[in-house]
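Novice: Have a look at this one before I ask anything.
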Amino acid sequence: MNDESISVTSSLIHPSHSASAGFTGNAVGASPSAIPRAAVLRFRCISIRAAMRGLSLTARLISWRQSMHRIKRSLVPTLLFLAAFAAMALGLSVLRKSGRPTGSVEANETAEPDGLEREPISPLPRTIELDSRKVELGRRLFHDKRLSADNSVSCATCHNVRENGADIKVRSAGMGGALGDVNTPTVFNSGFSFRQFWDGRAETLEDQIDEPIRHPAEMATDWPQILNKLQADSEYVAAFSSIYATKVESRGIKDAIATFERSLITPNSRFDRYLRGDSQALTAEEKEGYRLFKESGCSSCHQGVLVGGNMFEKLGIVRDYFADRGHITKFDFGRFNATGVEENRFEFKVPSLRNVARTAPYFHDGSARSLDEAVSVMARYQLGRELTATELHRIVQFLETLTGKSPEGVP
Ligand code: HEC
Ligand code: HEC
């Protein structure tokens with residue numbers, strides 16, 4: 001069904017911003033590679049020199065050895081060879097490491113003609129190369145209610161992949177109607193996110209799955225229960241034996257579901273077409289909205305391929321969001337719950353703004369009902385700015401251009 005193809009490199013999945021990448025004020029789209037060029041060059045020279053010195057030394061030793069004829073077949077030549085090899089390998093690996101930032105500096109210097117290199121946002125890949133058998137298996141599992149204790153809830157109950165990859169509720173209801181702790185994020189494009197969950201407590205899509213399975217307000221079950229049910233299903237048994245050469249087990253289930261989620265990309269938004277050089281793809285007002293988005297500092301946090309999803313930031317940097325909102329709960333502590341580190345209190349994964357026009361309500365607490373409301377809260381609490389009605393409207397118009405093509409092939 002879904003055999004679209006191109007590969008997603010790990011650099012796309014893990015953008016270069018580290019978890020601790022701080023708020024960079026108005027350093028819009030600052031390149032992380034700008035600093036270390038001189039250091040890198042120096043490092044490179046030193047490592048070349050070290051490697052050369054190693055080589056010439058070994059060469060000299062070898063000729064000395066040869067002139068000292070007759071210690072043949074001893075360990076010495078082997079050791080020398082190994083030493084020379086190790087010196088080269090070390091030199092090469094240092095070079096490769098130091099070469100990376102240099103490469104991106106060079107790329108910045110020879111920016112693409114349409115200026116794409118200088119934009120803080122990059123387009124989503126148009127297609128993605130995945131094993132279509134795993135995608136199909138993952139799709140079935142994602143929609144399978146037997147993944148919950150009383151067979152009433154599937155992943156798709158809260159993450160409707162025919163709509164927006166989430167639902168439209170402030171907090172979703174899981175098994176027995178129990179309400180979740182925070183607003184449900186979309187699973188669309190989640191394969192590009194540097195961590196999963198609002199507080200980033202899961203590293204990968206595979207790791208993420210253990211939580212909804214166990215969570216009492218989601219599926220309230222465990223792996224033995226699930227495996228018991230699915231191992232009795234001959235279609236799953238056949239699929240697992242042909243794809244994984246195993247019986248139905250949790251590792252394959254996670255792999256298939258995560259692969260399905262990675263297939264849920266929303267390419268070809270008008271904004272991506274604009275980034276790829278189609279200047280007609282946006283109206284003048286939308287372009288003005290994008291300019292305001294960058295100029296006012298939104299893109300210092302919302303950037304990269306997801307327009308977010310690559311760093312943690314505090315909610316309420318400039319003004320105290322939680323004091324103004326009131327009734328603080330544990331789930332407002334954000335990243336602090338995952339790390340226990342005081343300075344992570346109230347920090348959240350900066351969410352992706354891809355398809356944001358379709359994923360209301362907004363924020364981890366689902367408190368903003370409309371995009372207008374979310375944007376003005378952001379301007380006030382993250383940037384200390386009151387936007388005029390026109391500015392607000394332009395930014396929202398720009399955000400609406402981030403809606404891409406819905407993932408296809410959902411039964
Ligand atoms: C009862 C509703 C519900 C069910 C069922 C559910 N989820 Fe979620 N999902 C949520 C909520 C709420 C969050 C946010 C939790 C948090 O960040 O602490 C979430 C977060 C996620 C995320 C992280 C997205 C991001 O951007 O951080 C992924 C991926 C995900 N769910 C996939 C799944 C999968 C796969 C299943 C089935 C195994 C599933 N969910 C079942 C409600 C649900
Ligand atoms: C200092 C970093 C930072 C800046 C600057 C920033 N944001 Fe955010 N943004 C965040 C974080 C963190 C969240 C998640 C907050 C939460 O829900 O707890 C967020 C959430 C959002 C959301 C809600 C998304 C969703 O799915 O719930 C929107 C919309 C948004 N930001 C737009 C903007 C706009 C527009 C600007 C500029 C006016 C902006 N942001 C500036 C960090 C930032």
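Identifiers for the structure tokens are assigned positionally: chains receive A, B, ... in sequence, residues are indexed from 1 per chain, and ligands are indexed from 1 in the order shown.
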Could you list the protein, DNA and RNA residues that have any atom within 7 Å of ligand 2, counting only C-alpha atoms and all ligand atoms, and write them as a ChimeraX atom specification?

Specialist: /A:23,185,293,296-302,312-315,317,347-353,356,359,361-365,371,374-376,378-379,382-383,395

Novice: All residues within 6 Å of ligand 1 are required, counting only C-alpha atoms and all ligand atoms; please report them as JSON, numbers by chain.

Specialist: {"A": [142, 153, 154, 155, 157, 158, 172, 173, 174, 180, 182, 183, 184, 185, 187, 190, 196, 197, 198, 205, 209, 212, 213, 218, 219]}

Novice: Would you pick out the contacts of A:Glu136 at 9 Å or less, using only C-alpha atoms, so that residues sharing its chain but fewer than 2 positions from it are not included, and give the list as a PyMOL selection string?

Specialist: chain A and resi 1-2+131-134+138-141+256+260

Novice: Mind dumping the selected residues with C-alpha atoms as a tab-separated table (two decimals), in the first residue's frame?

Specialist:
chain	number	residue	atom	x	y	z
A	1	MET	CA	0.00	0.00	0.00
A	2	ASN	CA	2.20	2.69	1.36
A	131	ASP	CA	9.39	-1.43	5.56
A	132	SER	CA	5.79	-1.37	4.31
A	133	ARG	CA	5.03	-4.72	5.97
A	134	LYS	CA	5.92	-3.23	9.34
A	138	GLY	CA	1.87	-1.30	13.04
A	139	ARG	CA	-1.31	0.26	11.67
A	140	ARG	CA	-3.33	-2.77	12.73
A	141	LEU	CA	-1.79	-2.80	16.19
A	256	ALA	CA	5.84	-2.13	14.20
A	260	PHE	CA	3.74	3.03	11.55

Novice: Do you know which residues are at most 12 Å from A:Thr390 counting only C-alpha atoms, after dropping those on the same chain fewer than 6 positions away, and could you put them as a PyMOL selection string?

Specialist: chain A and resi 285-286+288-289+292+372+376+396-397

Novice: Using Å and a single decimal, report how far atom CA of A:Ala217 sits from atom CA of A:Ala178.

Specialist: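 Distance reported for this atom pair: 4.9 Å.
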
Novice: So which bits of stretch 137-210 of chain A end up alpha helix (DSSP H) when you DSSP the backbone, as a PyMOL selection string?

Specialist: chain A and resi 137-142+155-158+205-208+210

Novice: Write the residues you've just listed into a file as a PDB file, in the first residue's frame, and include C-alpha atoms for each of them.

Specialist:
ATOM      1  CA  LEU A 137       1.325  -4.423  10.932  1.00  0.00           C
ATOM      2  CA  GLY A 138       1.867  -1.301  13.043  1.00  0.00           C
ATOM      3  CA  ARG A 139      -1.313   0.264  11.668  1.00  0.00           C
ATOM      4  CA  ARG A 140      -3.332  -2.770  12.733  1.00  0.00           C
ATOM      5  CA  LEU A 141      -1.791  -2.804  16.187  1.00  0.00           C
ATOM      6  CA  PHE A 142      -2.319   0.940  16.572  1.00  0.00           C
ATOM      7  CA  CYS A 155      -3.957   4.048  20.476  1.00  0.00           C
ATOM      8  CA  ALA A 156      -6.271   5.514  17.844  1.00  0.00           C
ATOM      9  CA  THR A 157      -8.926   6.265  20.466  1.00  0.00           C
ATOM     10  CA  CYS A 158      -6.873   9.300  21.478  1.00  0.00           C
ATOM     11  CA  LEU A 205       8.853   6.100  19.912  1.00  0.00           C
ATOM     12  CA  GLU A 206       9.535   2.496  20.881  1.00  0.00           C
ATOM     13  CA  ASP A 207      10.172   3.412  24.539  1.00  0.00           C
ATOM     14  CA  GLN A 208       7.125   5.651  24.597  1.00  0.00           C
ATOM     15  CA  ASP A 210       5.191   1.180  27.533  1.00  0.00           C
TER      16      ASP A 210
END

Novice: DSSP on the backbone, strand (DSSP E or B) only: what residues of stretch 161-326 of chain A does that give? Format it as an NGL selection string.

Specialist: :A and (166 or 173 or 179 or 196 or 202 or 304 or 312-314)

Novice: Those residues you just picked out, can you put them in a file as a JSON list (two decimals), in the first residue's frame with N, CA and C atoms?

Specialist:
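What follows is the written file part-v9.json:
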[["chain", "number", "residue", "atom", "x", "y", "z"],
["A", 166, "ALA", "N", -4.42, 13.36, 16.85],
["A", 166, "ALA", "CA", -4.72, 13.55, 18.27],
["A", 166, "ALA", "C", -6.24, 13.53, 18.39],
["A", 173, "ALA", "N", -10.09, 10.83, 27.17],
["A", 173, "ALA", "CA", -10.59, 9.81, 28.08],
["A", 173, "ALA", "C", -10.06, 8.44, 27.65],
["A", 179, "LEU", "N", -9.93, 10.40, 32.78],
["A", 179, "LEU", "CA", -9.28, 11.49, 32.05],
["A", 179, "LEU", "C", -7.77, 11.47, 32.21],
["A", 196, "GLN", "N", 10.05, 12.10, 23.26],
["A", 196, "GLN", "CA", 8.60, 11.94, 23.26],
["A", 196, "GLN", "C", 8.03, 12.39, 24.62],
["A", 202, "ALA", "N", 10.39, 9.97, 27.43],
["A", 202, "ALA", "CA", 10.75, 8.81, 26.59],
["A", 202, "ALA", "C", 11.71, 9.26, 25.49],
["A", 304, "GLY", "N", 13.64, 24.33, 13.08],
["A", 304, "GLY", "CA", 14.01, 23.01, 12.58],
["A", 304, "GLY", "C", 12.90, 22.43, 11.74],
["A", 312, "PHE", "N", 14.00, 21.72, 25.07],
["A", 312, "PHE", "CA", 13.08, 21.99, 26.19],
["A", 312, "PHE", "C", 13.17, 23.46, 26.53],
["A", 313, "GLU", "N", 12.04, 24.05, 26.87],
["A", 313, "GLU", "CA", 12.06, 25.44, 27.31],
["A", 313, "GLU", "C", 11.02, 25.62, 28.41],
["A", 314, "LYS", "N", 11.27, 26.61, 29.23],
["A", 314, "LYS", "CA", 10.33, 26.88, 30.31],
["A", 314, "LYS", "C", 9.08, 27.55, 29.75]]

Novice: Any idea what the distance is between atom CA of A:Glu391 and atom CA of A:Glu295?

Specialist: 11.4 Å

Novice: Identify, on the basis of only C-alpha atoms, every residue whose closest approach to A:Phe333 does not exceed 8 Å; exclude the query and any residue fewer than 4 positions from it along the same chain; express the result as a ChimeraX atom specification.

Specialist: /A:329,337,344-347
